Each structure stands twice: as C-alpha cells, then as structure tokens.
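To be precise, the following lines are run.cif, and they hold mmCIF, C-alpha atoms.
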```cif
data_my_file
#
loop_
_atom_site.label_atom_id
_atom_site.label_comp_id
_atom_site.auth_asym_id
_atom_site.auth_seq_id
_atom_site.Cartn_x
_atom_site.Cartn_y
_atom_site.Cartn_z
CA MET E 307 145.75 -108.21 16.32
CA ALA E 308 146.58 -109.38 19.76
CA SER E 309 149.36 -111.83 20.70
CA MET E 310 148.78 -115.44 21.63
CA SER E 311 149.07 -115.98 25.36
CA PHE E 312 149.44 -119.44 26.69
CA ALA E 313 150.93 -121.04 29.74
CA LEU E 314 152.56 -124.42 29.80
CA ASN E 315 151.37 -126.93 32.38
CA ARG E 316 153.64 -128.70 34.81
CA PHE E 317 153.28 -132.27 35.96
CA SER E 318 152.39 -132.01 39.62
CA GLY E 319 153.84 -135.33 40.76
CA LEU E 320 157.36 -134.13 41.64
CA SER E 321 158.56 -134.64 45.18
CA SER E 322 159.67 -131.62 47.19
CA LYS E 323 163.09 -133.29 47.32
CA THR E 324 163.36 -133.60 43.51
CA THR E 325 166.54 -132.03 42.16
CA LEU E 326 166.60 -131.36 38.44
CA SER E 327 169.73 -131.49 36.35
CA ALA E 328 171.31 -128.42 34.83
CA ASP E 329 170.25 -129.44 31.34
CA PHE E 330 166.65 -130.04 32.37
CA ASP E 331 164.20 -128.93 29.69
CA PRO E 332 160.92 -127.66 31.28
CA SER E 333 159.10 -128.19 27.98
CA THR E 334 159.39 -131.96 28.41
CA ARG E 335 156.80 -131.89 31.19
CA ARG E 336 154.40 -129.41 29.63
CA SER E 337 151.16 -129.67 27.73
CA PHE E 338 148.98 -126.86 26.44
CA LEU E 339 146.08 -125.59 28.49
CA PRO E 340 142.54 -125.83 27.06
CA PRO E 341 141.66 -123.54 24.11
CA THR E 342 139.88 -121.13 26.45
CA ARG E 343 143.33 -119.83 27.48
CA VAL E 344 144.50 -119.24 23.92
CA GLY E 345 144.09 -115.77 22.47
CA LEU E 346 144.90 -114.10 19.16
CA LYS E 347 148.27 -112.92 18.01
CA ILE E 348 149.39 -109.38 18.82
CA SER E 349 152.05 -107.62 16.85
CA SER E 350 152.85 -103.98 17.54
CA ALA E 351 155.36 -103.83 14.71
CA THR E 352 154.75 -103.19 11.03
CA GLU E 353 156.86 -104.58 8.20
CA SER E 354 159.03 -101.48 8.29
CA GLU E 355 159.51 -101.49 12.04
CA PRO E 356 161.65 -103.87 14.14
CA ASP E 357 159.55 -106.57 15.82
CA LEU E 358 159.51 -106.14 19.60
CA SER E 359 157.47 -109.27 20.37
CA VAL E 360 159.03 -111.93 22.58
CA THR E 361 158.05 -115.43 23.61
CA VAL E 362 159.20 -116.39 27.09
CA ASN E 363 158.51 -119.83 28.61
CA GLY E 364 155.65 -120.22 26.14
CA LEU E 365 154.19 -116.80 26.96
CA LYS E 366 153.98 -114.43 24.00
CA MET E 367 154.22 -110.69 24.70
CA PRO E 368 153.91 -107.78 22.24
CA ASN E 369 157.09 -106.26 23.66
CA PRO E 370 159.67 -107.09 26.37
CA PHE E 371 158.56 -104.36 28.77
CA VAL E 372 157.02 -105.79 31.94
CA ILE E 373 155.48 -103.93 34.88
CA GLY E 374 157.62 -104.98 37.85
CA SER E 375 155.98 -106.12 41.06
CA GLY E 376 155.24 -103.14 43.30
CA PRO E 377 152.93 -100.11 43.43
CA PRO E 378 152.34 -100.07 39.62
CA GLY E 379 150.61 -103.47 39.93
CA THR E 380 148.79 -102.96 43.19
CA ASN E 381 145.13 -103.23 42.06
CA TYR E 382 142.78 -103.86 39.12
CA THR E 383 142.58 -100.21 38.05
CA VAL E 384 146.30 -99.67 37.60
CA MET E 385 146.95 -103.10 36.03
CA LYS E 386 144.14 -102.49 33.55
CA ARG E 387 145.75 -99.16 32.71
CA ALA E 388 149.05 -100.92 32.07
CA PHE E 389 147.42 -103.33 29.61
CA ASP E 390 145.55 -100.50 27.89
CA GLU E 391 148.77 -98.51 27.45
CA GLY E 392 150.50 -101.48 25.85
CA TRP E 393 152.88 -103.02 28.40
CA GLY E 394 154.09 -106.46 27.38
CA ALA E 395 153.08 -108.04 30.69
CA VAL E 396 152.13 -107.10 34.23
CA ILE E 397 153.50 -108.59 37.44
CA ALA E 398 151.12 -107.79 40.27
CA LYS E 399 152.26 -106.62 43.67
CA THR E 400 153.30 -109.54 45.88
CA VAL E 401 150.49 -111.32 47.71
CA SER E 402 150.44 -113.71 50.67
CA LEU E 403 147.73 -115.65 52.47
CA ASP E 404 147.26 -113.28 55.40
CA ALA E 405 147.31 -109.61 54.42
CA ALA E 406 146.27 -108.63 57.96
CA LYS E 407 149.89 -109.10 59.02
CA VAL E 408 151.03 -106.51 56.46
CA ILE E 409 150.97 -102.98 57.91
CA ASN E 410 152.58 -100.17 55.94
CA VAL E 411 153.69 -96.77 57.21
CA THR E 412 153.75 -93.30 55.62
CA PRO E 413 155.95 -91.73 54.40
CA ARG E 414 157.62 -94.83 53.00
CA TYR E 415 159.68 -93.43 50.13
CA ALA E 416 162.82 -91.28 49.99
CA ARG E 417 164.68 -89.85 46.97
CA LEU E 418 168.35 -89.43 46.17
CA ARG E 419 169.20 -86.36 44.10
CA THR E 420 172.34 -85.40 42.22
CA GLY E 421 172.89 -82.46 44.56
CA SER E 422 173.64 -82.50 48.27
CA ASN E 423 171.29 -84.40 50.54
CA GLY E 424 168.04 -82.51 50.97
CA SER E 425 168.36 -80.57 47.72
CA ALA E 426 164.98 -80.11 46.05
CA LYS E 427 166.02 -78.78 42.65
CA THR E 428 168.42 -81.36 41.22
CA ASP E 429 167.57 -84.55 39.31
CA VAL E 430 166.34 -87.66 41.11
CA ILE E 431 168.72 -90.58 40.50
CA GLY E 432 167.78 -92.96 43.30
CA TRP E 433 164.65 -94.09 45.10
CA GLN E 434 164.27 -95.91 48.38
CA ASN E 435 161.19 -97.66 49.73
CA ILE E 436 160.33 -99.31 53.01
CA GLU E 437 157.04 -100.57 51.56
CA LEU E 438 155.84 -104.07 52.35
CA ILE E 439 153.98 -106.53 50.11
CA SER E 440 150.28 -106.06 49.33
CA ASP E 441 148.16 -105.13 52.34
CA ARG E 442 144.93 -105.89 50.46
CA PRO E 443 143.00 -109.10 51.33
CA LEU E 444 144.09 -112.01 49.19
CA GLU E 445 140.50 -112.73 48.15
CA THR E 446 140.21 -109.19 46.79
CA MET E 447 143.40 -109.52 44.76
CA LEU E 448 142.33 -112.92 43.43
CA LYS E 449 139.01 -111.55 42.19
CA GLU E 450 140.87 -108.77 40.41
CA PHE E 451 143.30 -111.26 38.80
CA GLU E 452 140.35 -113.26 37.53
CA ARG E 453 138.61 -110.16 36.21
CA LEU E 454 141.73 -109.01 34.38
CA LYS E 455 142.22 -112.40 32.71
CA LYS E 456 138.59 -112.43 31.55
CA GLU E 457 138.89 -108.93 30.11
CA TYR E 458 142.41 -109.42 28.68
CA PRO E 459 142.67 -113.15 27.86
CA ASP E 460 145.43 -112.49 25.35
CA ARG E 461 147.66 -110.50 27.71
CA ILE E 462 150.17 -111.84 30.20
CA LEU E 463 149.38 -111.47 33.91
CA ILE E 464 151.95 -112.78 36.37
CA ALA E 465 151.25 -113.15 40.08
CA SER E 466 154.05 -112.37 42.53
CA ILE E 467 153.73 -114.52 45.65
CA MET E 468 155.55 -114.85 48.97
CA GLU E 469 154.88 -116.96 52.02
CA GLU E 470 156.38 -118.05 55.30
CA TYR E 471 158.53 -121.16 55.62
CA ASN E 472 155.54 -123.48 55.55
CA LYS E 473 154.92 -126.05 52.81
CA THR E 474 151.15 -126.16 53.34
CA ALA E 475 150.89 -122.36 53.15
CA TRP E 476 152.87 -122.25 49.89
CA GLU E 477 150.72 -124.99 48.35
CA GLU E 478 147.48 -123.26 49.36
CA LEU E 479 148.65 -119.90 48.01
CA ILE E 480 149.74 -121.40 44.69
CA ASP E 481 146.48 -123.29 44.27
CA ARG E 482 144.30 -120.27 44.99
CA VAL E 483 146.31 -117.93 42.76
CA GLU E 484 146.42 -120.34 39.82
CA GLN E 485 142.64 -120.77 39.88
CA THR E 486 142.33 -117.14 38.72
CA GLY E 487 143.96 -118.01 35.38
CA VAL E 488 147.25 -116.13 35.82
CA ASP E 489 149.85 -117.02 33.20
CA ALA E 490 152.87 -117.46 35.46
CA LEU E 491 154.17 -117.02 39.00
CA GLU E 492 157.08 -114.87 40.15
CA ILE E 493 158.34 -116.00 43.55
CA ASN E 494 159.52 -113.18 45.79
CA PHE E 495 162.74 -114.56 47.28
CA SER E 496 164.18 -111.08 47.41
CA CYS E 497 162.27 -108.42 49.40
CA PRO E 498 165.11 -106.84 51.43
CA HIS E 499 163.01 -105.56 54.31
CA GLY E 500 159.99 -106.54 56.37
CA MET E 501 159.21 -109.88 58.03
CA PRO E 502 162.59 -111.67 57.74
CA GLU E 503 161.80 -113.28 61.09
CA ARG E 504 159.02 -115.19 59.29
CA ARG E 505 161.53 -116.53 56.72
CA MET E 506 160.04 -114.53 53.90
CA GLY E 507 161.61 -112.73 50.93
CA ALA E 508 165.39 -112.29 51.03
CA ALA E 509 165.61 -114.47 54.13
CA VAL E 510 164.97 -117.40 51.75
CA GLY E 511 166.85 -116.04 48.75
CA GLN E 512 170.04 -115.60 50.80
CA ASP E 513 170.00 -119.18 52.12
CA CYS E 514 170.54 -121.67 49.28
CA VAL E 515 169.65 -124.71 51.41
CA LEU E 516 166.35 -123.13 52.41
CA LEU E 517 165.80 -121.88 48.87
CA ASP E 518 166.25 -125.36 47.40
CA GLU E 519 163.67 -126.81 49.77
CA VAL E 520 161.08 -124.09 49.19
CA CYS E 521 161.58 -124.21 45.40
CA GLY E 522 160.95 -127.94 45.62
CA TRP E 523 157.58 -127.34 47.28
CA ILE E 524 156.65 -124.67 44.76
CA ASN E 525 157.65 -126.53 41.61
CA ALA E 526 155.93 -129.73 42.74
CA LYS E 527 152.67 -127.78 43.06
CA ALA E 528 152.73 -125.13 40.33
CA THR E 529 151.22 -125.82 36.89
CA VAL E 530 152.33 -122.59 35.20
CA PRO E 531 155.87 -121.25 34.60
CA VAL E 532 157.72 -120.10 37.71
CA TRP E 533 160.23 -117.24 37.86
CA ALA E 534 162.44 -116.91 40.94
CA LYS E 535 163.18 -113.29 41.84
CA MET E 536 166.72 -112.81 43.14
CA THR E 537 168.07 -110.52 45.84
CA PRO E 538 171.26 -108.57 45.03
CA ASN E 539 172.08 -108.52 48.74
CA ILE E 540 174.32 -111.58 48.48
CA THR E 541 177.96 -112.25 47.64
CA ASP E 542 177.43 -114.39 44.51
CA ILE E 543 174.00 -114.04 42.91
CA THR E 544 174.62 -116.97 40.57
CA GLU E 545 174.40 -119.43 43.48
CA PRO E 546 170.70 -118.90 44.34
CA ALA E 547 169.89 -118.51 40.63
CA ARG E 548 171.47 -121.89 39.91
CA VAL E 549 169.64 -123.53 42.82
CA SER E 550 166.30 -122.10 41.65
CA LEU E 551 166.73 -123.38 38.10
CA LYS E 552 167.94 -126.81 39.20
CA SER E 553 164.92 -127.03 41.47
CA GLY E 554 162.58 -126.62 38.50
CA CYS E 555 162.00 -122.88 38.03
CA GLU E 556 161.70 -121.83 34.39
CA GLY E 557 163.01 -118.32 34.83
CA ILE E 558 165.05 -115.89 36.93
CA SER E 559 164.16 -112.26 37.67
CA ALA E 560 167.00 -109.99 38.81
CA ILE E 561 167.53 -107.80 40.64
CA ASN E 562 165.23 -106.73 43.43
CA THR E 563 166.11 -103.58 45.36
CA ILE E 564 169.41 -103.10 47.18
CA MET E 565 169.40 -102.75 50.98
CA SER E 566 170.18 -99.13 51.75
CA VAL E 567 169.96 -96.11 54.03
CA MET E 568 168.98 -93.20 51.81
CA GLY E 569 170.51 -90.47 53.95
CA VAL E 570 170.19 -88.18 56.92
CA ASP E 571 168.39 -84.83 56.94
CA MET E 572 171.07 -82.21 57.66
CA LYS E 573 168.62 -80.02 59.58
CA THR E 574 166.82 -82.54 61.77
CA LEU E 575 169.64 -85.14 61.85
CA ARG E 576 167.00 -87.83 61.32
CA PRO E 577 167.32 -90.58 58.69
CA GLU E 578 165.06 -90.70 55.62
CA PRO E 579 162.30 -91.71 55.06
CA CYS E 580 161.37 -90.35 58.46
CA VAL E 581 158.39 -91.88 60.28
CA GLU E 582 157.68 -90.27 63.65
CA GLY E 583 161.35 -89.33 63.87
CA TYR E 584 162.67 -92.81 63.06
CA SER E 585 163.47 -94.92 60.02
CA THR E 586 164.62 -98.39 58.95
CA PRO E 587 166.84 -99.61 56.09
CA GLY E 588 164.93 -100.12 52.85
CA GLY E 589 165.22 -101.10 49.20
CA TYR E 590 167.15 -98.87 46.77
CA SER E 591 166.07 -98.60 43.12
CA TYR E 592 165.95 -96.36 40.02
CA LYS E 593 168.66 -95.31 37.58
CA ALA E 594 171.60 -95.13 40.01
CA VAL E 595 171.39 -98.90 40.62
CA ARG E 596 171.53 -99.83 36.92
CA PRO E 597 175.31 -100.52 36.76
CA ILE E 598 174.98 -102.90 39.73
CA ALA E 599 171.95 -104.59 38.18
CA LEU E 600 173.71 -105.00 34.84
CA ALA E 601 176.65 -106.73 36.52
CA LYS E 602 174.36 -109.13 38.38
CA VAL E 603 172.34 -109.88 35.25
CA MET E 604 175.53 -110.45 33.25
CA ASN E 605 176.80 -112.97 35.80
CA ILE E 606 173.49 -114.84 35.86
CA ALA E 607 173.23 -114.84 32.06
CA LYS E 608 176.73 -116.27 31.63
CA MET E 609 175.98 -118.99 34.17
CA MET E 610 172.66 -119.83 32.50
CA LYS E 611 174.25 -119.94 29.05
CA SER E 612 176.93 -122.39 30.16
CA GLU E 613 174.82 -124.62 32.42
CA PHE E 614 171.18 -124.53 31.29
CA SER E 615 169.07 -124.86 28.18
CA GLU E 616 167.60 -122.02 26.13
CA ASN E 617 164.17 -122.91 27.55
CA HIS E 618 165.04 -121.01 30.72
CA SER E 619 164.52 -117.24 30.81
CA LEU E 620 165.95 -114.14 32.44
CA SER E 621 164.00 -110.99 33.30
CA GLY E 622 166.29 -107.99 33.88
CA ILE E 623 165.41 -105.37 36.50
CA GLY E 624 167.16 -102.29 37.80
CA GLY E 625 166.93 -98.62 36.89
CA VAL E 626 165.37 -98.92 33.44
CA GLU E 627 164.17 -95.48 32.34
CA THR E 628 164.74 -95.54 28.57
CA GLY E 629 164.56 -98.00 25.73
CA TYR E 630 168.33 -97.78 25.46
CA ASP E 631 168.61 -98.88 29.11
CA ALA E 632 166.46 -101.87 28.18
CA ALA E 633 168.72 -102.64 25.22
CA GLU E 634 171.66 -102.93 27.61
CA PHE E 635 169.87 -105.58 29.68
CA ILE E 636 168.89 -107.48 26.54
CA LEU E 637 172.44 -107.31 25.18
CA LEU E 638 173.50 -108.94 28.45
CA GLY E 639 171.04 -111.81 28.07
CA SER E 640 167.66 -110.65 29.37
CA ASN E 641 164.55 -111.94 27.60
CA THR E 642 162.33 -109.30 29.20
CA VAL E 643 162.94 -106.08 31.12
CA GLN E 644 160.94 -105.03 34.16
CA VAL E 645 160.12 -101.43 35.10
CA CYS E 646 158.72 -100.37 38.47
CA THR E 647 160.18 -97.12 39.83
CA GLY E 648 160.31 -95.80 36.26
CA VAL E 649 156.51 -96.10 36.08
CA MET E 650 156.21 -94.22 39.37
CA MET E 651 158.35 -91.44 37.89
CA HIS E 652 156.90 -91.26 34.35
CA GLY E 653 153.49 -92.97 34.34
CA TYR E 654 152.03 -95.92 32.42
CA GLY E 655 152.12 -94.16 29.05
CA HIS E 656 155.92 -94.17 29.22
CA VAL E 657 155.88 -97.65 27.62
CA LYS E 658 155.29 -96.02 24.24
CA THR E 659 158.52 -94.06 24.61
CA LEU E 660 160.36 -97.17 25.77
CA CYS E 661 159.18 -99.11 22.72
CA ALA E 662 160.05 -96.29 20.31
CA GLU E 663 163.55 -95.90 21.78
CA LEU E 664 164.21 -99.65 21.71
CA GLN E 665 163.12 -99.79 18.08
CA ASP E 666 165.37 -96.82 17.33
CA PHE E 667 168.31 -98.71 18.81
CA MET E 668 167.42 -101.77 16.72
CA LYS E 669 167.24 -99.71 13.54
CA GLN E 670 170.68 -98.24 14.22
CA HIS E 671 172.15 -101.75 14.23
CA ASN E 672 169.82 -103.34 11.65
CA PHE E 673 168.26 -105.74 14.15
CA SER E 674 164.79 -106.92 13.17
CA THR E 675 163.97 -108.98 16.29
CA ILE E 676 164.93 -109.01 19.97
CA GLU E 677 166.55 -112.43 19.65
CA GLU E 678 168.99 -111.13 17.04
CA PHE E 679 170.89 -109.17 19.68
CA ARG E 680 169.93 -110.79 22.97
CA GLY E 681 173.11 -111.75 24.81
CA HIS E 682 175.35 -110.32 22.08
CA SER E 683 177.59 -108.39 24.49
CA LEU E 684 178.25 -111.31 26.85
CA GLN E 685 181.12 -112.48 24.61
CA TYR E 686 183.10 -109.35 25.43
CA PHE E 687 183.42 -110.02 29.16
CA THR E 688 186.59 -111.74 30.32
CA THR E 689 189.06 -111.81 33.22
CA HIS E 690 191.51 -109.08 34.17
CA THR E 691 194.38 -111.46 33.41
CA ASP E 692 193.04 -111.94 29.91
CA LEU E 693 192.70 -108.16 29.46
CA VAL E 694 196.40 -107.74 30.31
CA LYS E 695 197.33 -110.44 27.78
CA ARG E 696 195.12 -108.93 25.08
CA GLN E 697 196.51 -105.45 25.60
CA LYS E 698 200.11 -106.66 25.50
CA GLU E 699 199.47 -108.48 22.22
CA ALA E 700 197.69 -105.44 20.77
CA VAL E 701 200.52 -103.08 21.72
CA GLU E 702 203.08 -105.40 20.15
CA GLN E 703 200.99 -105.63 16.99
CA ARG E 704 200.70 -101.85 16.72
CA LYS E 705 204.46 -101.49 17.14
CA ALA E 706 205.02 -104.06 14.42
CA GLU E 707 202.64 -102.24 12.06
CA LYS E 708 204.34 -98.93 12.77
CA ARG E 709 207.74 -100.35 11.86
CA GLY E 710 206.44 -101.11 8.39
CA LEU E 711 207.34 -103.95 6.04
CA LYS E 712 209.89 -106.51 7.11
CA SER E 713 210.90 -107.59 3.60
CA ASP E 714 210.70 -106.45 -0.02
CA LYS E 715 208.50 -109.42 -0.78
CA ASP E 716 205.75 -107.90 1.43
CA TRP E 717 205.05 -104.95 -0.88
CA THR E 718 201.62 -105.11 -2.60
CA GLY E 719 200.07 -103.11 -5.38
CA ASP E 720 196.79 -102.40 -3.62
CA GLY E 721 198.32 -101.23 -0.36
CA PHE E 722 201.42 -99.55 -1.76
CA VAL E 723 200.71 -96.02 -0.49
CA LYS E 724 199.85 -97.16 3.05
CA GLU E 725 202.86 -99.46 3.07
CA THR E 726 205.06 -96.52 2.14
CA GLU E 727 203.53 -94.36 4.88
CA SER E 728 204.14 -97.09 7.45
CA MET E 729 207.89 -96.60 7.04
CA VAL E 730 208.04 -92.79 7.06
CA SER E 731 209.51 -91.26 10.23
CA ASN E 732 207.94 -87.80 10.15
#
```
Show this structure as structure tokens.
Amino acid sequence: MASMSFALNRFSGLSSKTTLSADFDPSTRRSFLPPTRVGLKISSATESEPDLSVTVNGLKMPNPFVIGSGPPGTNYTVMKRAFDEGWGAVIAKTVSLDAAKVINVTPRYARLRTGSNGSAKTDVIGWQNIELISDRPLETMLKEFERLKKEYPDRILIASIMEEYNKTAWEELIDRVEQTGVDALEINFSCPHGMPERRMGAAVGQDCVLLDEVCGWINAKATVPVWAKMTPNITDITEPARVSLKSGCEGISAINTIMSVMGVDMKTLRPEPCVEGYSTPGGYSYKAVRPIALAKVMNIAKMMKSEFSENHSLSGIGGVETGYDAAEFILLGSNTVQVCTGVMMHGYGHVKTLCAELQDFMKQHNFSTIEEFRGHSLQYFTTHTDLVKRQKEAVEQRKAEKRGLKSDKDWTGDGFVKETESMVSN
C-alpha cells in the first residue's frame, strides 16, 4: 500500500515584515487540503524489517531518501523513474520565471580522483559542476509537475524555486508552482555560482538581512511547507538557518555544494572543467564533502533542538553514497537525506541498496524506526575545554582503579578476584 501524502496549508495573511518567534509552531496555522490530495498509506517495511517511513512537516514518505535538486530531477521522465524505483520524495531541478536567461555550457562537470590530477584509473571522490538552474521553460516544467502529481498522488513532489530580488516575481512563481499540486517548496538560497548579480541563490543565503526579507515574502504567500536550502559558503551556517526558521520556513536543507576550483590539467595548464580553454569556480559535491556537510548539519541540528520546536525539519545533504552514510546524517538530526551526485554515479535503482543498508544498520542496533535514533549522536559533541576536563577525570579514575582498594571494608564477595588483581604489581 502506498503512503499518505498531504501538505499542510498556510494562512496567507502574514506581512512580509512578520518575524516569528523561535518557538513558533507551524502546525498552528495549518489545515488539511481537500481529500483529493490525500492518498493511501505506503509502507515498504514488513513486520520483521525496520520501518523506514518518515513523516516530515505533514508529508509522509516511504523512506527518508530524497532526490536532491539537480540533474536527477530535471524532467518528467527522470522524476517518474525515481518514483517508480522507490525514492521517498523527489525535489525537482530549480525553476525560475524566465528560463531564457539560463544558458548552460558543456562540459560543465569535472571529477576529483584519489590519484594525481588527471588520473583516469583511480576512484572518483569529488564532483564539481558549473551547471545553472533549469533552462527549460517554466510552463513546460509546471505541466510536468502537474502530470506527476496526477499519476503519483500519494508520492511527495517538491519544487525547488529561485528568483531575483523582486517580491512580485517571487509571489508569481510561488502561485504558479503551487497550482500544479506540489507538496512543498524548497527555496534555493544556496546555488554557489551563476547570476549572483541578480541577487539569486547564495547571494541571498549569505546575507541574513536580505534573507529575512525574502523569506517574509515567500512565507506570506506560500500555502505548502517551505524548506530553505542553505549554502555552506558562509562562516556560521546556523545564522541563515535561524533567520529562515524565524521567518516562517518549516524546514532547512543543508548543504548545497561548496565553492571550488577542481584543478588544473597538468598538460594543458588549463583549469577544469575546461570550456573553450577557460573555466569558472563551481560547486563541489560527492563523498569527499561529507565530513564538511556532517559538521554543518550537526551545528544546525543543535541550534534547532535548543531554539525551535520539533515541528521544524532538517534535510541532510552532502556526499551520501551508502545507507550507512545516510545513518550518519540521521544520527546528527536529519529527518530526511538528499542524494544528487550519488544518483548521477549509481543510477535511480541505487535507492534499493540505500534502503537495504540503512535497514541493516538499524538491525545492528535494534532500531525499529528512524525516529528511534534520529539525533542520537548530537549528545556526544562538546567543547575542547570540556574534552580536556573529561580526559583528566578519566585518567585520574583509571589511576585510582589501578591502585586497587583503599580499605579492607571495600572487599566484596562478588568482585573478589578482580579486586585482588587490581592490587597485583606484575
């Protein structure tokens, strides 16, 4: 059976200047959509298998694996394939009002391998792109969103949107996209390259004053859950995340790609990817960025846990290739885990492996649901000062144990042999 998909409505009467408190509960201004948007329940797990289903901002998914915005969600054909293969949700490639302004180049990807730069035989660990948002007409993408929701009413389709610094443009884009029946919006405040002069992508996500204003426009207009996608190209990622949530967003997605120069060809001395002999900095992704992504997600999760309600969500992104990678993001507080470059490397069918590996991890630790271990590892992060204190106390305790009993009254019957051993010198 398929899982129930529903989106929660927002009241549209908020001013663009409205600032919401840290303990704001989005569910207080929600009501269910008409029954036509309600599907049946999906469960991919049997009684003997751990349950991978998750419910995020009122959206129920059969598993936490989400197609991240990018090439894997670029048109109807590939998004349909993702649903057919069993992905928990799909986030389409970012759309804007005027696709005519979006002009891509080829080649637009470059790979980082474990060997020296230019090596063709070693493993790929990093991936760079200089690809822009969707270059397909908005009307075409909207028709495909609508078609997908009619064919898969019980599956979660999320539209990624990005616009210039223009309130009217944002409102028009939101209105047109929502009419297709998408379940949620992910706002691209994070694209590291292309059109920063138009105050798009990371140009907004790196400016908290600008971000607060634009989030105000968006959240006053949107009637479905809104996720704000964060750029890692900033000193403290918790600042824009906090602003986004206080401005009314229900969720945070993190991280988008890291600004990078992939390398220089040692023969031609030209940077990669090379377009007519030239290049430009791009976005870095895939498994080599995972440690950076985990740190950013951990910081956001700790901030959210201390300042916001459980109704807000976190979608982890960055180098997920296995179900065990996904488990790490969930242990650090992620509700869902997005995969983009991993799909480009392994295909849409890879979700079955991801699910099997995540269930294997859950079996190892006797977890029956995602929520049982989500955020579990956050408690083990502390300051360096505290680490020094803890280690000093531990060393002193071990020395005390090694010295053995302090008094005859401390002998016990049950631990007599060990107590004897604790006082032997050789």
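Put simply, the PyMOL selection byres ((chain E and resi 405-413) around 8) on this file hits E:Val401, E:Ser402, E:Leu403, E:Asp404, E:Arg414, E:Tyr415, E:Glu437, E:Leu438, E:Ile439, E:Ser440, E:Asp441, E:Arg442, E:Pro443, E:Leu444, E:Pro579, E:Cys580, E:Val581.
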Could you produce a table of the residues of segment 666-732 of chain E lying within 9 Å of segment 630-643 of chain E, with the nearest pair of atoms per residue and their separation in Å rounded to one decimal, using all atoms listed in the file, ordered by chain and increasing residue number, as JSON lines?
```
{"residue": "E:Asp666", "atom": "CA", "partner": "E:Tyr630", "partner_atom": "CA", "distance": 8.7}
{"residue": "E:Phe667", "atom": "CA", "partner": "E:Tyr630", "partner_atom": "CA", "distance": 6.7}
{"residue": "E:Met668", "atom": "CA", "partner": "E:Ala633", "partner_atom": "CA", "distance": 8.6}
{"residue": "E:Ile676", "atom": "CA", "partner": "E:Ile636", "partner_atom": "CA", "distance": 7.8}
{"residue": "E:Glu677", "atom": "CA", "partner": "E:Asn641", "partner_atom": "CA", "distance": 8.2}
{"residue": "E:Phe679", "atom": "CA", "partner": "E:Leu637", "partner_atom": "CA", "distance": 6.0}
{"residue": "E:Arg680", "atom": "CA", "partner": "E:Leu637", "partner_atom": "CA", "distance": 4.8}
{"residue": "E:Gly681", "atom": "CA", "partner": "E:Gly639", "partner_atom": "CA", "distance": 3.9}
{"residue": "E:His682", "atom": "CA", "partner": "E:Leu637", "partner_atom": "CA", "distance": 5.2}
{"residue": "E:Ser683", "atom": "CA", "partner": "E:Leu637", "partner_atom": "CA", "distance": 5.3}
{"residue": "E:Leu684", "atom": "CA", "partner": "E:Leu638", "partner_atom": "CA", "distance": 5.5}
```
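Nearest to Lys399 of chain E of all the residues E:Met367, E:Ile467, E:Pro546, E:Lys527 is E:Ile467, counting all atoms listed in the file.
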| task | Pull out every residue that the PyMOL selection byres ((chain E and resi 454) around 12) matches in the shown coordinates and put them as number ranges by chain. | result | E: 379, 381-390, 395-396, 398, 447-453, 455-465, 486-489
For the selection you just gave me, I'd like the residues written to a file as a compact mmCIF listing (two decimals), in the coordinates of the input, keeping C-alpha atoms.
```
# COMPACT_ATOMS: atom_id res chain seq x y z
CA GLY E 379 150.61 -103.47 39.93
CA ASN E 381 145.13 -103.23 42.06
CA TYR E 382 142.78 -103.86 39.12
CA THR E 383 142.58 -100.21 38.05
CA VAL E 384 146.30 -99.67 37.60
CA MET E 385 146.95 -103.10 36.03
CA LYS E 386 144.14 -102.49 33.55
CA ARG E 387 145.75 -99.16 32.71
CA ALA E 388 149.05 -100.92 32.07
CA PHE E 389 147.42 -103.33 29.61
CA ASP E 390 145.55 -100.50 27.89
CA ALA E 395 153.08 -108.04 30.69
CA VAL E 396 152.13 -107.10 34.23
CA ALA E 398 151.12 -107.79 40.27
CA MET E 447 143.40 -109.52 44.76
CA LEU E 448 142.33 -112.92 43.43
CA LYS E 449 139.01 -111.55 42.19
CA GLU E 450 140.87 -108.77 40.41
CA PHE E 451 143.30 -111.26 38.80
CA GLU E 452 140.35 -113.26 37.53
CA ARG E 453 138.61 -110.16 36.21
CA LYS E 455 142.22 -112.40 32.71
CA LYS E 456 138.59 -112.43 31.55
CA GLU E 457 138.89 -108.93 30.11
CA TYR E 458 142.41 -109.42 28.68
CA PRO E 459 142.67 -113.15 27.86
CA ASP E 460 145.43 -112.49 25.35
CA ARG E 461 147.66 -110.50 27.71
CA ILE E 462 150.17 -111.84 30.20
CA LEU E 463 149.38 -111.47 33.91
CA ILE E 464 151.95 -112.78 36.37
CA ALA E 465 151.25 -113.15 40.08
CA THR E 486 142.33 -117.14 38.72
CA GLY E 487 143.96 -118.01 35.38
CA VAL E 488 147.25 -116.13 35.82
CA ASP E 489 149.85 -117.02 33.20
```
| task | Would you kindly return, as number ranges by chain, each protein, DNA or RNA residue with an atom no farther than 10 Å from any atom of Gly655 of chain E, considering all atoms listed in the file and excluding same-chain residues fewer than 3 positions away? | result | E: 387-388, 390-393, 649, 652, 658-660
| For Phe673 of chain E, which residue among E:Gly721, E:Lys573, E:Asp357, E:Tyr654 is the nearest when counting all atoms listed in the file? | E:Asp357
| remark: Separating atom CA of Ala528 of chain E from atom CA of Ile480 of chain E, to the nearest tenth of an Å, is a gap of 6.5 Å
